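Colleague: Below you'll find the structure I mean.
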Amino acid sequence: MKLGKRSFGVVAGVAVGLGMTLSATAATWDMPTPYPDKTFHTQNIAAFAADVKKATSGKLEIKIHSAGSLFKHPEIKNAVRGGQVPIGEFFLSRLSNEHAAFGADSQPFLATNYDDAKKLWDAQRPVVTALLEKQGLMPLFSVPWPPQGLYTKKEIKSVADLKGIKFRAYNATLETFANKVGAAPTQVEVPDIPQAFATGRVEAMITSPSTGANSKAWDFVTHYTDIQAWLPKNIVVVSKKAFRKLDKATQDALLEAAKVAEKRGWEMSMKETAVKTKILKDNGIIVVTPSAELMDGLKKIGAGMLVDWKKAAGSEGETLLKAYNAK
Ligand code: PCA
């Protein structure tokens, strides 16, 4: 498959011909992402792809396959690992079943604003890089979603109000959190959210104003409680084998574009928070500041989960938390 693409690149180079020099090593990289086109993360990786194309004069072209169209979310990491695709984007904390350190950013109330999220990523990056290296993968950049809030069909004044509610989850940590508040979690990918609510599979969720607004949450819930529980991240990884096949100038261009994409992505995420919260409001969702009782209850659960996380994350977790707390 990769050979076919490369020879296509060569043929295209010849066909374009006339004054335009396309190197014989021109390549097209397929890049799967679970998220739809209008997601700010997807817009950011589209800008990243455009930057790479420009900086390499078309020598490396990254073709984005959004909304799980090439590989489903649970398959993306292994598709890059197995060499089916050279690059991909996924939700970092999905890998917490491989090692708890991958899930640090989804620990309830560990890092709840952009400054702390940045400190956490600085602390997490070396650990994540070392763990992915063992799988032949290299992180290129990582960008957070806006702070996660609570979407429900009624006002939630305390943890007790969540009891028995069918709850949408997106990773194992959120599933645990939902279980601990007495809700009943089910995993649902972003493109399937409206359908899952419409059919009654789920009745509530914790996600960003971004995903809530893009999913038109006003069609199926009434309240958004701004609990700012954590800022989980997406990560873009490249296969080291594919990276090594690039010439030095192309490698450098890719790394430079990744640096720019990380910075741009964090800025986009920050802007997204206010803009999308307003869209929720404008469409009739009641945006609620959480009661002290609700926050106390949720934070207590989060503190208990952190104790378990520390045990699970071992020495990597210790290194990570030490670095985070030192900042
Ligand atoms: N949106 C994604 C991940 C976190 C977020 O804000 C989701 O809901 O799956």
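If you're wondering about the labels, chains in the structure tokens are A, B, ... by order shown, residues count from 1 in each chain, ligands from 1 in order shown.
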Enumerate as a ChimeraX atom specification the residues within 6 Å of ligand 1, counting only C-alpha atoms and all ligand atoms.
Modeller: /A:145,170,189-190,207-208,211
Colleague: Identify, with DSSP run on backbone atoms, the residues in range 113-242 of chain A assigned to strand (DSSP E), and express the list as number ranges by chain.
Modeller: A: 137-144, 149-152, 166-169, 184-187, 204-207, 223-225, 233-239
Colleague: Excluding range 37-49 of chain A and residues on its chain fewer than 3 positions from it, collect all residues at most 7 Å away from it, counting only C-alpha atoms, and give them as a list in words.
Modeller: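 The contact residues come out as Val52, Lys53, Glu61, Ile62, Ser66, Ala257, Ala258, Ala261, Gly265 and Met268 of chain A.
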Colleague: Atoms to include: N, CA, C and O atoms. Write the selected residues as a compact mmCIF listing (two decimals), in the first residue's frame.
Modeller:
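See selection.txt below for the written result:
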```txt
# COMPACT_ATOMS: atom_id res chain seq x y z
N VAL A 52 3.38 21.33 6.46
CA VAL A 52 4.37 20.33 6.05
C VAL A 52 4.52 20.32 4.54
O VAL A 52 5.63 20.31 4.00
N LYS A 53 3.39 20.38 3.86
CA LYS A 53 3.42 20.37 2.39
C LYS A 53 4.21 21.57 1.86
O LYS A 53 5.06 21.44 0.98
N GLU A 61 3.22 14.86 1.71
CA GLU A 61 1.83 15.29 1.76
C GLU A 61 1.09 14.43 2.77
O GLU A 61 1.20 13.20 2.73
N ILE A 62 0.39 15.08 3.70
CA ILE A 62 -0.36 14.34 4.71
C ILE A 62 -1.84 14.45 4.38
O ILE A 62 -2.38 15.55 4.26
N SER A 66 -10.81 11.88 8.48
CA SER A 66 -11.46 12.30 9.73
C SER A 66 -12.60 11.36 10.14
O SER A 66 -13.00 10.48 9.38
N ALA A 257 6.98 21.88 11.97
CA ALA A 257 5.52 22.06 11.80
C ALA A 257 4.77 21.52 13.02
O ALA A 257 3.75 22.06 13.44
N ALA A 258 5.30 20.46 13.63
CA ALA A 258 4.67 19.88 14.82
C ALA A 258 4.74 20.86 15.99
O ALA A 258 3.78 21.03 16.75
N ALA A 261 2.27 23.48 15.40
CA ALA A 261 0.90 22.94 15.57
C ALA A 261 0.54 22.82 17.04
O ALA A 261 -0.61 23.06 17.43
N GLY A 265 -2.50 24.81 18.46
CA GLY A 265 -3.59 23.99 18.99
C GLY A 265 -4.00 24.42 20.40
O GLY A 265 -5.20 24.50 20.70
N MET A 268 -5.93 27.60 20.06
CA MET A 268 -7.28 27.32 19.53
C MET A 268 -8.17 26.77 20.63
O MET A 268 -9.34 27.12 20.74
```
Colleague: My list of candidates is A:Asp116, A:Met138, A:Phe71, A:Pro108. Which is closest to Lys327 in chain A when distances are computed with only C-alpha atoms?
Modeller: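 With only C-alpha atoms as the atom set, the closest residue is A:Asp116.
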Colleague: List the neighbours of Glu98 in chain A out to 12 Å using only C-alpha atoms; skip same-chain residues closer than 2 positions along the sequence, and give me the result as a PDB file with N, CA and C atoms, in the first residue's frame.
Modeller:
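The result, stored in out.pdb:
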```
ATOM      1  N   LYS A  77      -4.030   3.738  17.065  1.00  0.00           N
ATOM      2  CA  LYS A  77      -2.661   3.615  17.583  1.00  0.00           C
ATOM      3  C   LYS A  77      -1.960   2.379  16.997  1.00  0.00           C
ATOM      4  N   LEU A  92      -5.177  10.593  23.889  1.00  0.00           N
ATOM      5  CA  LEU A  92      -4.037  10.016  24.603  1.00  0.00           C
ATOM      6  C   LEU A  92      -4.441   9.070  25.739  1.00  0.00           C
ATOM      7  N   SER A  93      -5.416   9.485  26.555  1.00  0.00           N
ATOM      8  CA  SER A  93      -5.747   8.697  27.748  1.00  0.00           C
ATOM      9  C   SER A  93      -6.467   7.385  27.421  1.00  0.00           C
ATOM     10  N   ARG A  94      -6.814   7.183  26.153  1.00  0.00           N
ATOM     11  CA  ARG A  94      -7.324   5.856  25.758  1.00  0.00           C
ATOM     12  C   ARG A  94      -6.280   4.778  26.045  1.00  0.00           C
ATOM     13  N   LEU A  95      -5.011   5.173  26.065  1.00  0.00           N
ATOM     14  CA  LEU A  95      -3.940   4.190  26.263  1.00  0.00           C
ATOM     15  C   LEU A  95      -3.709   3.869  27.742  1.00  0.00           C
ATOM     16  N   SER A  96      -4.549   4.405  28.625  1.00  0.00           N
ATOM     17  CA  SER A  96      -4.309   4.182  30.058  1.00  0.00           C
ATOM     18  C   SER A  96      -4.431   2.702  30.426  1.00  0.00           C
ATOM     19  N   ALA A 100      -0.902   3.454  33.107  1.00  0.00           N
ATOM     20  CA  ALA A 100      -1.695   4.524  33.729  1.00  0.00           C
ATOM     21  C   ALA A 100      -1.127   5.917  33.434  1.00  0.00           C
ATOM     22  N   ALA A 101       0.209   5.992  33.175  1.00  0.00           N
ATOM     23  CA  ALA A 101       0.817   7.306  32.919  1.00  0.00           C
ATOM     24  C   ALA A 101       0.182   8.010  31.712  1.00  0.00           C
ATOM     25  N   PHE A 102      -0.299   7.220  30.751  1.00  0.00           N
ATOM     26  CA  PHE A 102      -0.960   7.812  29.585  1.00  0.00           C
ATOM     27  C   PHE A 102      -2.241   8.554  29.991  1.00  0.00           C
ATOM     28  N   GLY A 103      -2.797   8.177  31.146  1.00  0.00           N
ATOM     29  CA  GLY A 103      -4.096   8.729  31.544  1.00  0.00           C
ATOM     30  C   GLY A 103      -4.013   9.878  32.531  1.00  0.00           C
ATOM     31  N   VAL A 128       5.665   9.708  28.459  1.00  0.00           N
ATOM     32  CA  VAL A 128       4.895   9.220  27.314  1.00  0.00           C
ATOM     33  C   VAL A 128       5.831   8.904  26.135  1.00  0.00           C
ATOM     34  N   LEU A 131       7.564   5.610  26.796  1.00  0.00           N
ATOM     35  CA  LEU A 131       6.654   4.462  26.676  1.00  0.00           C
ATOM     36  C   LEU A 131       6.305   4.181  25.209  1.00  0.00           C
ATOM     37  N   LEU A 132       6.093   5.236  24.440  1.00  0.00           N
ATOM     38  CA  LEU A 132       5.736   5.045  23.024  1.00  0.00           C
ATOM     39  C   LEU A 132       6.932   4.560  22.205  1.00  0.00           C
ATOM     40  N   GLN A 135       7.240   1.085  21.497  1.00  0.00           N
ATOM     41  CA  GLN A 135       6.328   0.549  20.484  1.00  0.00           C
ATOM     42  C   GLN A 135       6.699   1.055  19.088  1.00  0.00           C
ATOM     43  N   ALA A 172     -11.451   4.678  29.948  1.00  0.00           N
ATOM     44  CA  ALA A 172     -11.653   3.849  31.138  1.00  0.00           C
ATOM     45  C   ALA A 172     -11.762   4.692  32.412  1.00  0.00           C
ATOM     46  N   ALA A 312      -1.243   2.349  40.302  1.00  0.00           N
ATOM     47  CA  ALA A 312      -1.187   1.728  38.968  1.00  0.00           C
ATOM     48  C   ALA A 312      -0.034   2.275  38.123  1.00  0.00           C
ATOM     49  N   ALA A 313       0.305   3.557  38.327  1.00  0.00           N
ATOM     50  CA  ALA A 313       1.282   4.203  37.431  1.00  0.00           C
ATOM     51  C   ALA A 313       2.735   3.975  37.864  1.00  0.00           C
TER      52      ALA A 313
END
```
Colleague: I'd like the interatomic distance between CA of Ser106 in chain A and CA of Asp282 in chain A, to a tenth of an Å.
Modeller: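 Going from CA of Ser106 in chain A over to CA of Asp282 in chain A, I get 28.5 Å.
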Colleague: List as number ranges by chain the protein and nucleic acid residues near range 285-297 of chain A, meaning an atom at most 12 Å away when only C-alpha atoms are counted, but skip any in the same chain fewer than 3 places from it.
Modeller: A: 108-109, 149-162, 177, 180-182, 209, 212-213, 216-229, 276-282, 300-304
Colleague: How would you write, as a ChimeraX atom specification, the set of residues in range 165-232 of chain A that DSSP gives as helix (DSSP H, G or I)?
Modeller: /A:172-180,190-198,209-214,217-219
Colleague: Quick one: of A:Ala130, A:Lys54, A:Pro146, A:Val85, who's nearest to Val275 in chain A, counting only C-alpha atoms?
Modeller: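 Checking each of A:Ala130, A:Lys54, A:Pro146, A:Val85 against Val275 in chain A, counting only C-alpha atoms, the winner is A:Pro146.
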Colleague: Calculate how many Å separate CA of Ser269 in chain A from CA of Asn171 in chain A, rounding to one decimal.
Modeller: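 If I compute the distance from CA of Ser269 in chain A to CA of Asn171 in chain A, I get 20.2 Å.
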Colleague: By how many Å are CA of Leu298 in chain A and CA of Glu316 in chain A apart?
Modeller: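 A separation of 26.0 Å between them.
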Colleague: Between A:Pro86, A:Gly164, A:Pro191, A:Pro144, which residue has the minimum interatomic distance to Tyr114 in chain A, considering only C-alpha atoms?
Modeller: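 With only C-alpha atoms as the atom set, the closest residue is A:Pro144.
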Colleague: Residues at most 12 Å from Glu318 in chain A, counting only C-alpha atoms, excluding those fewer than 2 positions away in the same chain, as a ChimeraX atom specification?
Modeller: /A:100-101,104,123-124,127,306-307,309-316,320-325
Colleague: Can you pull out every residue within 10 Å of Thr33 in chain A, counting only C-alpha atoms, but drop anything in the same chain fewer than 5 positions away, and send it as a count of residues only?
Modeller: 21
